[in-house]
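J.: Provided below: work25.cif, containing mmCIF, C-alpha atoms.
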```cif
data_run
loop_
_atom_site.label_atom_id
_atom_site.label_comp_id
_atom_site.auth_asym_id
_atom_site.auth_seq_id
_atom_site.Cartn_x
_atom_site.Cartn_y
_atom_site.Cartn_z
CA MET M 1 104.31 -38.55 -138.66
CA ARG M 2 107.74 -40.10 -138.24
CA LYS M 3 108.37 -37.89 -135.18
CA LEU M 4 105.05 -38.98 -133.69
CA PHE M 5 105.99 -42.64 -134.23
CA LEU M 6 109.38 -42.09 -132.54
CA LEU M 7 107.72 -40.31 -129.63
CA LEU M 8 105.26 -43.20 -129.25
CA CYS M 9 108.13 -45.71 -129.29
CA MET M 10 109.95 -43.76 -126.59
CA CYS M 11 106.83 -43.56 -124.42
CA MET M 12 105.85 -47.24 -124.83
CA PRO M 13 108.09 -48.72 -122.09
CA VAL M 14 106.85 -46.11 -119.60
CA ILE M 15 103.20 -46.73 -120.53
CA TRP M 16 103.77 -50.48 -120.25
CA LEU M 17 105.45 -50.18 -116.85
CA GLN M 18 102.67 -47.94 -115.56
CA ALA M 19 99.98 -50.31 -116.78
CA GLN M 20 101.64 -53.34 -115.17
CA TYR M 21 100.36 -52.77 -111.64
CA ALA M 22 97.15 -50.84 -111.08
CA GLY M 23 97.72 -47.76 -108.93
CA TYR M 24 101.52 -47.98 -109.19
CA LYS M 25 104.03 -46.02 -111.24
CA PRO M 26 107.80 -46.51 -111.52
CA VAL M 27 109.72 -44.68 -108.76
CA ALA M 28 111.07 -41.40 -110.01
CA ASP M 29 114.38 -41.68 -108.17
CA ALA M 30 115.49 -45.29 -107.74
CA GLY M 31 118.71 -44.22 -105.96
CA ALA M 32 116.84 -42.20 -103.34
CA PHE M 33 114.41 -45.08 -102.79
CA LYS M 34 117.30 -47.49 -102.26
CA THR M 35 118.88 -45.19 -99.65
CA GLN M 36 115.59 -44.66 -97.78
CA PHE M 37 114.74 -48.37 -97.91
CA ALA M 38 118.19 -49.37 -96.63
CA ALA M 39 118.04 -46.76 -93.83
CA ALA M 40 114.58 -47.90 -92.70
CA THR M 41 115.40 -51.60 -92.72
CA GLN M 42 118.68 -50.89 -90.92
CA LYS M 43 116.58 -49.80 -87.94
CA THR M 44 114.49 -52.97 -88.04
CA GLN M 45 116.05 -55.59 -85.82
CA THR M 46 113.00 -57.83 -85.45
CA ILE M 47 109.57 -58.35 -87.01
CA LYS M 48 106.70 -60.26 -85.49
CA ALA M 49 103.51 -60.72 -87.53
CA ASP M 50 100.56 -62.89 -88.44
CA PHE M 51 100.38 -64.13 -92.00
CA VAL M 52 97.82 -65.43 -94.44
CA GLN M 53 99.11 -67.45 -97.37
CA GLU M 54 96.98 -67.90 -100.49
CA LYS M 55 98.00 -70.35 -103.17
CA ASN M 56 96.01 -69.48 -106.29
CA LEU M 57 95.73 -72.26 -108.84
CA GLY M 58 94.71 -70.37 -111.97
CA MET M 59 93.55 -73.20 -114.23
CA LEU M 60 91.63 -74.87 -111.42
CA SER M 61 90.03 -71.60 -110.21
CA GLU M 62 90.99 -72.73 -106.73
CA LYS M 63 92.60 -71.12 -103.74
CA ILE M 64 94.38 -72.87 -100.85
CA THR M 65 94.49 -70.63 -97.80
CA SER M 66 96.69 -71.22 -94.77
CA LYS M 67 97.49 -69.04 -91.76
CA GLY M 68 100.16 -68.75 -89.15
CA LYS M 69 102.71 -66.67 -87.27
CA PHE M 70 105.94 -65.11 -88.54
CA TRP M 71 109.09 -64.01 -86.75
CA PHE M 72 112.24 -62.39 -88.14
CA LYS M 73 115.40 -61.46 -86.31
CA LYS M 74 118.61 -60.02 -87.68
CA ASP M 75 120.69 -61.52 -89.17
CA ASN M 76 119.14 -64.07 -91.49
CA ARG M 77 116.74 -65.69 -89.07
CA VAL M 78 113.12 -66.46 -89.98
CA ARG M 79 110.51 -68.62 -88.26
CA MET M 80 107.17 -69.43 -89.90
CA GLU M 81 104.63 -71.40 -87.92
CA TYR M 82 101.62 -72.56 -89.93
CA ASN M 83 98.68 -73.41 -87.69
CA GLN M 84 95.66 -73.44 -90.02
CA PRO M 85 94.42 -75.72 -91.55
CA PHE M 86 97.54 -77.74 -90.69
CA GLN M 87 100.54 -77.60 -88.36
CA TYR M 88 103.90 -76.96 -90.02
CA LEU M 89 107.05 -75.21 -88.86
CA VAL M 90 109.92 -73.74 -90.90
CA ILE M 91 112.99 -72.14 -89.33
CA ILE M 92 115.63 -70.46 -91.47
CA ASN M 93 118.80 -69.77 -89.52
CA LYS M 94 121.55 -68.43 -91.76
CA ASN M 95 122.43 -71.32 -94.10
CA ASN M 96 120.28 -73.94 -92.42
CA VAL M 97 116.61 -74.75 -92.78
CA PHE M 98 114.66 -76.79 -90.27
CA VAL M 99 111.24 -78.21 -91.11
CA LYS M 100 108.87 -79.89 -88.66
CA ASP M 101 105.84 -81.69 -90.01
CA GLY M 102 103.96 -83.47 -87.22
CA ASN M 103 106.53 -85.71 -85.59
CA LYS M 104 108.90 -85.61 -88.55
CA GLU M 105 111.84 -83.23 -88.35
CA ASN M 106 114.11 -82.41 -91.26
CA LYS M 107 117.30 -80.36 -91.40
CA ILE M 108 118.49 -79.01 -94.74
CA SER M 109 121.69 -77.16 -95.45
CA THR M 110 121.04 -74.65 -98.20
CA LYS M 111 124.73 -74.80 -99.09
CA SER M 112 124.13 -78.12 -100.88
CA ASN M 113 121.12 -76.93 -102.87
CA LYS M 114 121.42 -73.92 -105.16
CA LEU M 115 117.66 -73.41 -105.62
CA PHE M 116 117.03 -73.68 -101.88
CA GLN M 117 119.87 -71.22 -101.33
CA GLN M 118 118.25 -68.72 -103.71
CA ILE M 119 114.80 -69.12 -102.13
CA ASN M 120 116.33 -68.79 -98.67
CA ARG M 121 118.19 -65.63 -99.64
CA MET M 122 115.09 -64.18 -101.32
CA MET M 123 112.98 -64.80 -98.18
CA VAL M 124 115.53 -63.15 -95.92
CA ASP M 125 116.23 -60.32 -98.40
CA CYS M 126 112.55 -59.46 -98.51
CA VAL M 127 112.29 -58.76 -94.81
CA GLN M 128 115.84 -57.56 -94.28
CA GLY M 129 115.73 -54.94 -97.01
CA THR M 130 118.63 -56.28 -99.03
CA ALA M 131 116.49 -57.48 -101.95
CA LEU M 132 117.67 -54.62 -104.15
CA ASN M 133 121.23 -55.90 -104.03
CA ASN M 134 120.47 -59.53 -104.86
CA PRO M 135 122.28 -60.44 -108.12
CA ASP M 136 119.88 -63.36 -108.71
CA PHE M 137 117.18 -60.89 -109.79
CA LYS M 138 116.56 -57.98 -112.13
CA VAL M 139 114.92 -55.32 -109.95
CA VAL M 140 112.30 -52.70 -110.87
CA VAL M 141 110.64 -50.53 -108.21
CA PHE M 142 107.14 -49.01 -108.40
CA GLU M 143 105.23 -46.83 -105.97
CA SER M 144 101.70 -45.80 -105.11
CA GLY M 145 100.51 -43.27 -102.53
CA THR M 146 100.93 -45.66 -99.62
CA ALA M 147 103.11 -48.51 -100.82
CA CYS M 148 106.18 -49.49 -102.82
CA LEU M 149 106.36 -52.56 -105.01
CA ILE M 150 109.72 -54.18 -105.70
CA GLU M 151 109.51 -56.45 -108.71
CA LEU M 152 112.18 -59.15 -108.75
CA SER M 153 112.60 -61.05 -112.01
CA PRO M 154 114.88 -64.09 -111.74
CA VAL M 155 117.86 -64.10 -114.05
CA GLU M 156 119.26 -67.57 -113.25
CA LYS M 157 117.91 -70.76 -114.76
CA GLY M 158 116.64 -72.65 -111.66
CA MET M 159 114.53 -69.79 -110.29
CA LYS M 160 113.61 -68.53 -113.75
CA ASP M 161 112.16 -71.92 -114.74
CA TYR M 162 109.71 -71.78 -111.85
CA PHE M 163 109.10 -68.10 -111.07
CA LYS M 164 108.03 -65.42 -113.53
CA ASN M 165 108.59 -62.76 -110.91
CA ILE M 166 108.44 -62.15 -107.18
CA ASN M 167 106.97 -58.91 -105.85
CA ILE M 168 107.56 -57.41 -102.45
CA VAL M 169 104.94 -54.88 -101.43
CA LEU M 170 106.20 -52.52 -98.75
CA SER M 171 104.42 -50.02 -96.54
CA LYS M 172 105.68 -46.53 -97.33
CA LYS M 173 105.29 -45.63 -93.67
CA ASP M 174 108.00 -47.91 -92.28
CA TYR M 175 109.16 -49.93 -95.34
CA SER M 176 108.00 -53.15 -93.69
CA VAL M 177 106.68 -55.96 -95.91
CA ASN M 178 102.90 -55.97 -96.44
CA LYS M 179 102.85 -58.72 -99.02
CA LEU M 180 105.08 -61.21 -100.75
CA GLU M 181 103.73 -62.23 -104.17
CA MET M 182 105.31 -65.15 -106.01
CA TYR M 183 104.17 -65.55 -109.61
CA GLU M 184 104.93 -68.85 -111.30
CA GLN M 185 105.55 -69.45 -114.99
CA SER M 186 102.53 -71.80 -114.93
CA GLY M 187 100.17 -68.90 -114.14
CA ASP M 188 99.69 -69.96 -110.49
CA ASN M 189 100.78 -67.70 -107.67
CA THR M 190 101.33 -67.64 -103.92
CA ILE M 191 100.55 -64.47 -101.98
CA ILE M 192 101.67 -64.11 -98.36
CA SER M 193 100.08 -61.14 -96.57
CA PHE M 194 101.46 -59.93 -93.25
CA THR M 195 99.20 -58.33 -90.61
CA ASN M 196 99.48 -57.24 -86.98
CA LYS M 197 103.12 -56.37 -87.57
CA GLU M 198 105.27 -55.46 -84.59
CA LEU M 199 108.67 -54.01 -85.44
CA ASN M 200 111.56 -54.31 -83.00
CA ALA M 201 109.60 -56.27 -80.41
CA SER M 202 111.69 -58.48 -78.16
CA ILE M 203 112.08 -61.95 -79.72
CA ALA M 204 114.00 -64.74 -78.00
CA ASP M 205 116.88 -66.32 -79.90
CA THR M 206 115.56 -69.73 -78.89
CA LEU M 207 112.78 -69.40 -81.49
CA PHE M 208 115.37 -69.83 -84.22
CA VAL M 209 117.37 -72.65 -82.72
CA ILE M 210 117.82 -75.64 -85.01
CA LYS M 211 118.37 -78.72 -82.89
CA MET N 1 127.74 -139.14 -99.12
CA PRO N 2 128.78 -135.53 -99.84
CA ALA N 3 126.96 -135.77 -103.20
CA LEU N 4 123.82 -136.91 -101.39
CA ARG N 5 124.15 -133.97 -99.00
CA ILE N 6 124.42 -131.51 -101.91
CA HIS N 7 121.31 -133.02 -103.52
CA TYR N 8 119.49 -132.70 -100.23
CA LEU N 9 120.55 -129.06 -99.84
CA LEU N 10 119.49 -128.24 -103.41
CA LEU N 11 116.12 -129.93 -102.93
CA SER N 12 115.45 -128.18 -99.63
CA SER N 13 116.48 -124.83 -101.17
CA CYS N 14 114.00 -125.39 -104.00
CA LEU N 15 111.28 -126.23 -101.50
CA PHE N 16 111.95 -122.96 -99.72
CA LEU N 17 112.02 -121.03 -102.98
CA LEU N 18 108.82 -122.54 -104.38
CA PRO N 19 106.39 -120.52 -102.23
CA ALA N 20 108.26 -117.34 -103.20
CA CYS N 21 107.80 -118.14 -106.90
CA SER N 22 104.16 -119.21 -106.67
CA SER N 23 101.28 -116.77 -107.07
CA VAL N 24 99.40 -115.63 -103.97
CA TYR N 25 96.29 -115.42 -106.15
CA ARG N 26 96.63 -118.88 -107.78
CA GLY N 27 95.14 -120.85 -104.93
CA MET N 28 92.11 -118.63 -104.67
CA GLN N 29 88.71 -119.95 -105.52
CA LYS N 30 86.75 -118.41 -108.42
CA THR N 31 83.35 -117.18 -107.37
CA GLN N 32 80.29 -115.40 -108.73
CA ALA N 33 79.76 -111.79 -107.59
CA ASP N 34 78.69 -108.60 -109.28
CA PRO N 35 81.61 -106.13 -109.64
CA SER N 36 79.13 -103.27 -110.07
CA CYS N 37 78.79 -103.29 -106.26
CA LEU N 38 82.16 -101.47 -106.20
CA VAL N 39 80.63 -98.31 -107.67
CA LYS N 40 79.80 -97.03 -104.19
CA PHE N 41 83.50 -97.08 -103.28
CA LYS N 42 84.61 -95.09 -106.31
CA PRO N 43 85.59 -91.72 -104.80
CA THR N 44 83.59 -88.77 -106.09
CA PHE N 45 86.01 -85.95 -105.46
CA THR N 46 84.19 -82.67 -105.91
CA LYS N 47 87.00 -80.82 -104.16
CA ALA N 48 89.23 -82.07 -101.37
CA LEU N 49 92.48 -80.95 -99.78
CA TYR N 50 94.65 -83.63 -98.20
CA LYS N 51 97.64 -83.21 -95.88
CA THR N 52 100.13 -85.50 -97.51
CA LYS N 53 103.13 -87.36 -96.17
CA VAL N 54 105.49 -89.21 -98.46
CA ASP N 55 108.30 -91.45 -97.25
CA VAL N 56 110.55 -92.70 -99.98
CA THR N 57 113.76 -94.65 -99.33
CA GLY N 58 114.38 -92.94 -96.00
CA LYS N 59 113.47 -89.42 -97.16
CA HIS N 60 110.40 -87.61 -95.84
CA LEU N 61 108.38 -85.18 -97.90
CA SER N 62 105.18 -83.44 -96.86
CA GLY N 63 102.70 -81.16 -98.55
CA LEU N 64 99.15 -80.60 -99.66
CA LEU N 65 97.30 -82.55 -102.35
CA LEU N 66 94.36 -80.79 -103.93
CA VAL N 67 91.94 -83.09 -105.75
CA LYS N 68 89.26 -81.43 -107.84
CA ALA N 69 86.60 -82.61 -110.29
CA MET N 70 86.69 -80.35 -113.34
CA PRO N 71 83.68 -79.31 -115.48
CA ASP N 72 84.83 -81.66 -118.29
CA SER N 73 84.56 -84.61 -115.82
CA SER N 74 88.33 -84.96 -115.51
CA THR N 75 90.03 -85.05 -112.09
CA ARG N 76 92.98 -82.75 -111.34
CA LEU N 77 95.56 -83.56 -108.68
CA VAL N 78 97.94 -80.80 -107.61
CA PHE N 79 100.62 -81.55 -105.03
CA SER N 80 102.60 -78.68 -103.51
CA ASN N 81 104.57 -78.20 -100.33
CA GLU N 82 103.10 -76.24 -97.41
CA MET N 83 104.80 -73.02 -98.58
CA GLY N 84 103.21 -73.21 -102.02
CA PHE N 85 105.98 -74.73 -104.17
CA LYS N 86 104.42 -77.14 -106.62
CA TYR N 87 105.69 -80.70 -107.07
CA PHE N 88 103.20 -81.88 -109.71
CA ASP N 89 99.90 -81.12 -111.42
CA PHE N 90 98.20 -84.13 -113.07
CA GLU N 91 94.95 -84.65 -114.93
CA PHE N 92 93.05 -87.93 -115.18
CA SER N 93 90.32 -87.64 -117.82
CA ALA N 94 87.01 -89.49 -117.53
CA ALA N 95 88.13 -91.58 -120.52
CA GLY N 96 91.24 -92.64 -118.59
CA ILE N 97 93.77 -90.37 -120.32
CA PHE N 98 96.60 -89.12 -118.13
CA LYS N 99 98.09 -85.67 -118.67
CA VAL N 100 100.98 -83.95 -116.90
CA TYR N 101 100.52 -80.18 -116.58
CA TYR N 102 103.59 -79.76 -114.42
CA ILE N 103 106.17 -81.86 -112.62
CA LEU N 104 109.23 -80.66 -110.73
CA PRO N 105 112.25 -81.26 -113.00
CA GLN N 106 113.92 -83.44 -110.33
CA MET N 107 110.85 -85.75 -110.37
CA ASP N 108 110.42 -85.77 -114.14
CA LYS N 109 111.45 -89.37 -114.71
CA ASP N 110 109.47 -92.11 -116.50
CA ALA N 111 109.62 -94.47 -113.50
CA VAL N 112 108.30 -91.78 -111.11
CA LEU N 113 105.51 -90.72 -113.47
CA THR N 114 104.44 -94.29 -114.21
CA THR N 115 104.39 -95.21 -110.51
CA LEU N 116 102.36 -92.13 -109.54
CA ARG N 117 99.97 -92.56 -112.49
CA LYS N 118 99.27 -96.20 -111.66
CA ASP N 119 98.87 -95.49 -107.93
CA PHE N 120 96.33 -92.73 -108.54
CA GLU N 121 94.50 -94.77 -111.20
CA LEU N 122 94.09 -97.48 -108.57
CA LEU N 123 92.65 -94.96 -106.08
CA LEU N 124 90.45 -93.18 -108.60
CA MET N 125 89.21 -96.63 -109.67
CA GLN N 126 89.92 -96.01 -113.33
CA HIS N 127 90.20 -98.68 -116.04
CA LEU N 128 87.61 -100.96 -114.42
CA ASP N 129 86.39 -102.93 -117.40
CA THR N 130 83.70 -105.17 -115.91
CA ALA N 131 83.55 -107.24 -119.13
CA LYS N 132 87.09 -108.47 -118.47
CA SER N 133 86.81 -108.61 -114.69
CA PHE N 134 87.02 -111.77 -112.61
CA VAL N 135 86.14 -112.55 -109.01
CA LEU N 136 88.08 -114.63 -106.51
CA LYS N 137 87.45 -115.65 -102.92
CA LYS N 138 89.80 -116.25 -100.01
CA ASP N 139 89.45 -116.22 -96.23
CA GLY N 140 85.95 -114.72 -96.41
CA LEU N 141 87.11 -111.84 -98.62
CA ILE N 142 86.07 -111.19 -102.21
CA TYR N 143 88.76 -110.11 -104.70
CA TYR N 144 87.35 -108.18 -107.67
CA GLY N 145 90.12 -108.35 -110.28
CA PHE N 146 90.50 -106.00 -113.25
CA PRO N 147 93.21 -106.76 -115.81
CA GLN N 148 95.52 -103.81 -116.58
CA SER N 149 98.12 -103.38 -119.31
CA LYS N 150 100.48 -105.17 -116.91
CA GLY N 151 99.10 -107.23 -114.01
CA ASN N 152 95.76 -106.69 -112.30
CA ASN N 153 94.10 -104.22 -109.97
CA TYR N 154 92.17 -105.86 -107.13
CA TYR N 155 89.45 -104.28 -105.00
CA ILE N 156 88.99 -106.45 -101.95
CA THR N 157 85.73 -106.35 -100.01
CA ASP N 158 83.99 -108.32 -97.28
CA SER N 159 81.73 -111.18 -98.40
CA THR N 160 78.71 -108.89 -98.90
CA CYS N 161 80.58 -106.03 -100.60
CA GLN N 162 79.61 -103.66 -97.80
CA HIS N 163 83.15 -102.65 -96.88
CA LEU N 164 86.17 -101.96 -99.05
CA ILE N 165 88.94 -103.69 -97.11
CA ARG N 166 91.89 -102.77 -99.34
CA LEU N 167 93.07 -102.19 -102.90
CA GLU N 168 95.94 -103.99 -104.55
CA ARG N 169 97.94 -103.30 -107.67
CA ALA N 170 99.46 -106.65 -108.47
CA SER N 171 101.72 -108.51 -110.82
CA ASP N 172 100.49 -111.95 -111.90
CA ARG N 173 101.99 -113.38 -108.72
CA LYS N 174 101.76 -110.91 -105.86
CA PRO N 175 100.70 -107.42 -104.74
CA VAL N 176 103.06 -104.64 -105.80
CA VAL N 177 101.07 -101.87 -104.12
CA THR N 178 98.56 -102.08 -101.29
CA ALA N 179 96.21 -99.19 -100.56
CA VAL N 180 93.36 -98.34 -98.23
CA MET N 181 90.61 -95.71 -98.49
CA GLN N 182 88.71 -95.22 -95.25
CA ASN N 183 85.92 -93.21 -93.60
CA TYR N 184 84.05 -91.91 -96.62
CA ALA N 185 82.08 -88.68 -96.23
CA ASP N 186 80.23 -87.12 -99.18
CA GLY N 187 81.75 -89.78 -101.43
CA MET N 188 85.33 -88.87 -100.50
CA PRO N 189 87.62 -90.93 -98.24
CA ASP N 190 88.93 -89.16 -95.15
CA SER N 191 92.14 -91.20 -95.01
CA ILE N 192 94.13 -92.81 -97.80
CA GLY N 193 97.25 -94.94 -97.48
CA ILE N 194 99.47 -96.35 -100.22
CA SER N 195 102.32 -98.75 -99.59
CA HIS N 196 104.76 -100.21 -102.13
CA ALA N 197 106.08 -103.73 -101.63
CA LYS N 198 109.09 -103.63 -103.94
CA PHE N 199 110.76 -100.60 -102.34
CA ASN N 200 110.33 -98.39 -99.31
CA PHE N 201 107.71 -95.95 -100.57
CA THR N 202 104.57 -94.95 -98.67
CA ILE N 203 102.05 -92.15 -99.15
CA GLY N 204 99.62 -91.07 -96.43
CA LEU N 205 96.75 -88.65 -97.06
CA LYS N 206 94.47 -87.09 -94.45
CA LYS N 207 91.60 -84.85 -95.52
CA LEU N 208 91.79 -81.30 -94.16
CA LYS N 209 88.78 -79.33 -92.98
CA GLN N 210 88.86 -76.00 -94.81
#
```
Here is the file; what I need is its structure written in the form of structure tokens.

T.:
Amino acid sequence: MRKLFLLLCMCMPVIWLQAQYAGYKPVADAGAFKTQFAAATQKTQTIKADFVQEKNLGMLSEKITSKGKFWFKKDNRVRMEYNQPFQYLVIINKNNVFVKDGNKENKISTKSNKLFQQINRMMVDCVQGTALNNPDFKVVVFESGTACLIELSPVEKGMKDYFKNINIVLSKKDYSVNKLEMYEQSGDNTIISFTNKELNASIADTLFVIK
Amino acid sequence: MPALRIHYLLLSSCLFLLPACSSVYRGMQKTQADPSCLVKFKPTFTKALYKTKVDVTGKHLSGLLLVKAMPDSSTRLVFSNEMGFKYFDFEFSAAGIFKVYYILPQMDKDAVLTTLRKDFELLLMQHLDTAKSFVLKKDGLIYYGFPQSKGNNYYITDSTCQHLIRLERASDRKPVVTAVMQNYADGMPDSIGISHAKFNFTIGLKKLKQ
């Protein structure tokens, strides 16, 4: 009886991990995954995609959906252009963030804002494949037949107060990001899904220029 | 002679200061009108998403404000930026009780919460006790006044109460906040503007088609 109890205790974390995400199980060899992931993302110089962002407000049973276009270019350059149901532009270029809302333009240096710096790094890490090395998060990797799920749990106060965890869902085919899922402590979440992905297409540097 | 000059200067200074100290509402004429005519202007938010622009002391902030009527008759207001990061989540109950579900730690200050609560109460047309209300008239406009814990909220209409010209949150002497709600469709205004008189703080809301 005691042996059975001990066996159950030993199996519990595995059962819990497996039950966390339907269709996913923890990766058998985390080291091998890390090597493959790094090798695949090393080859990716640019990403061009469409995106759909869903903000799910749990207690209100409401969803706010917005759409737009996404560009990424190595190193550390991201452009997100929202065009539905509003116009909004965000450019991340290394340590600087540029936001354009209608006629209003705003430049932010992430160096002066720790939380912004962490969000900026997380965004870039997700598409650049360096998320596994980010010390701001505890990382657990799961896999299904067609996808990998990297679960990032914040360890530092600022991010931890707001986010429960951030999941990156990758295609197993080319390790490109299918989805970015941000789960808040409040129970709300934001899911960004990427479609029509083009890897290593030619993207002009001018798209990331912060004036 | 110099003493006379000083007296003259003091007197003229007082004359200049007097209008600043007097109430803009004091000279208004009391009139008879039925405040229940305002009911048609009370927004009935079933669900609306507003593109929101906030300018506060030279800083610009933008985002999305979701306003939703809940099954318990309360109204929820959730403001987040375009990328989904939440600034605040408020509830205004039908009985006028205000509840904060979430506010960004940097905004979690009594002055900020009180200002936002009072601004939204003005827009949602809460705390309109008709038994205590009073009606004033000036320049062809009707001022429906509703005493609040501090000062009054005014809903200003044309002479026949067909159009809501503006809303004012006021001290006993002058408006502190001026707001407009325009182009109603299905009981919800298409455009909302809020402007503070005491400091540089404006909020602009434009309803989005989803």

J.: Could you tell me which residues the PyMOL selection byres ((chain M) within 8 of (chain N)) grabs in this file, written as a list of chain:residue names?

T.: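 Applying the PyMOL selection byres ((chain M) within 8 of (chain N)) to the structure shown produces M:Lys55, M:Leu60, M:Pro85, M:Phe86, M:Tyr88, M:Asp101, M:Lys104, M:Asn106, M:Thr190.
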
J.: Can those selected residues be exported to a file as a JSON list (two decimals), in the coordinates of the input so that it contains C-alpha atoms?

T.:
```
[["chain", "number", "residue", "atom", "x", "y", "z"],
["M", 55, "LYS", "CA", 98.00, -70.35, -103.17],
["M", 60, "LEU", "CA", 91.63, -74.87, -111.42],
["M", 85, "PRO", "CA", 94.42, -75.72, -91.55],
["M", 86, "PHE", "CA", 97.54, -77.74, -90.69],
["M", 88, "TYR", "CA", 103.90, -76.96, -90.02],
["M", 101, "ASP", "CA", 105.84, -81.69, -90.01],
["M", 104, "LYS", "CA", 108.90, -85.61, -88.55],
["M", 106, "ASN", "CA", 114.11, -82.41, -91.26],
["M", 190, "THR", "CA", 101.33, -67.64, -103.92]]
```

J.: Written as a list in words, what is the full residue list that the PyMOL selection byres ((chain M and resi 135-148) around 6) yields on the file shown?

T.: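 Selection result, ordered by chain and number: Gly23, Tyr24, Lys25, Pro26, Val27, Asn134, Leu149, Ile150, Glu151, Leu152, Ser153, Pro154, Val155, Val169, Leu170, Ser171 and Lys172 of chain M.
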
J.: Suppose you want the space between CA of Leu65 in chain N and CA of Lys109 in chain N; what is it in Å?

T.: 20.0 Å

J.: Kindly give the distance, in Å, that separates CA of Lys73 in chain M and CA of Val177 in chain M, rounded to a single decimal.

T.: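 Computing the Euclidean distance for CA of Lys73 in chain M and CA of Val177 in chain M yields 14.1 Å.
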
J.: Quick one: pull the distance between CA of Ile166 in chain M and CA of Ala39 in chain M, Å, one decimal.

T.: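 Separation of CA of Ile166 in chain M and CA of Ala39 in chain M: 22.5 Å.
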
J.: Output the residue selection produced by the PyMOL selection byres ((chain M and resi 57) around 9) on the file above, formatted as a list in words.

T.: Lys55, Asn56, Gly58, Met59, Leu60, Ser61, Glu62, Lys63, Ile64, Gly187, Asp188, Asn189 and Thr190 of chain M; Val78 of chain N

J.: Write out as a list in words the residues lying within 12 Å of Ala204 in chain M, counting all atoms listed in the file and excluding same-chain residues fewer than 3 positions away.

T.: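 Once the adjacent positions are removed, what remains is Thr46, Ile47, Lys48, Trp71, Phe72, Lys73, Lys74, Arg77, Arg79, Asn200, Ala201, Leu207, Phe208 and Val209 of chain M.
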
J.: What's around Lys150 in chain N at 9 Å? Count all atoms listed in the file, leave out sequence neighbours fewer than 3 positions away in its own chain, and write the answer as a list in words.

T.: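 Here the answer would be Pro147, Ala170, Ser171 and Asp172 of chain N.
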
J.: If we count all atoms listed in the file, what is near Met125 in chain N at a cut-off of 9 Å, once residues fewer than 6 positions away on the same chain are taken out, given as an MDAnalysis selection string?

T.: chainID N and resid 39 41:43 155

J.: Selected residues, C-alpha atoms, written as a short mmCIF file (atom, residue, chain, number, x, y, z; two decimals), in the frame of the given file, please.

T.:
```cif
data_model
loop_
_atom_site.label_atom_id
_atom_site.label_comp_id
_atom_site.auth_asym_id
_atom_site.auth_seq_id
_atom_site.Cartn_x
_atom_site.Cartn_y
_atom_site.Cartn_z
CA VAL N 39 80.63 -98.31 -107.67
CA PHE N 41 83.50 -97.08 -103.28
CA LYS N 42 84.61 -95.09 -106.31
CA PRO N 43 85.59 -91.72 -104.80
CA TYR N 155 89.45 -104.28 -105.00
#
```
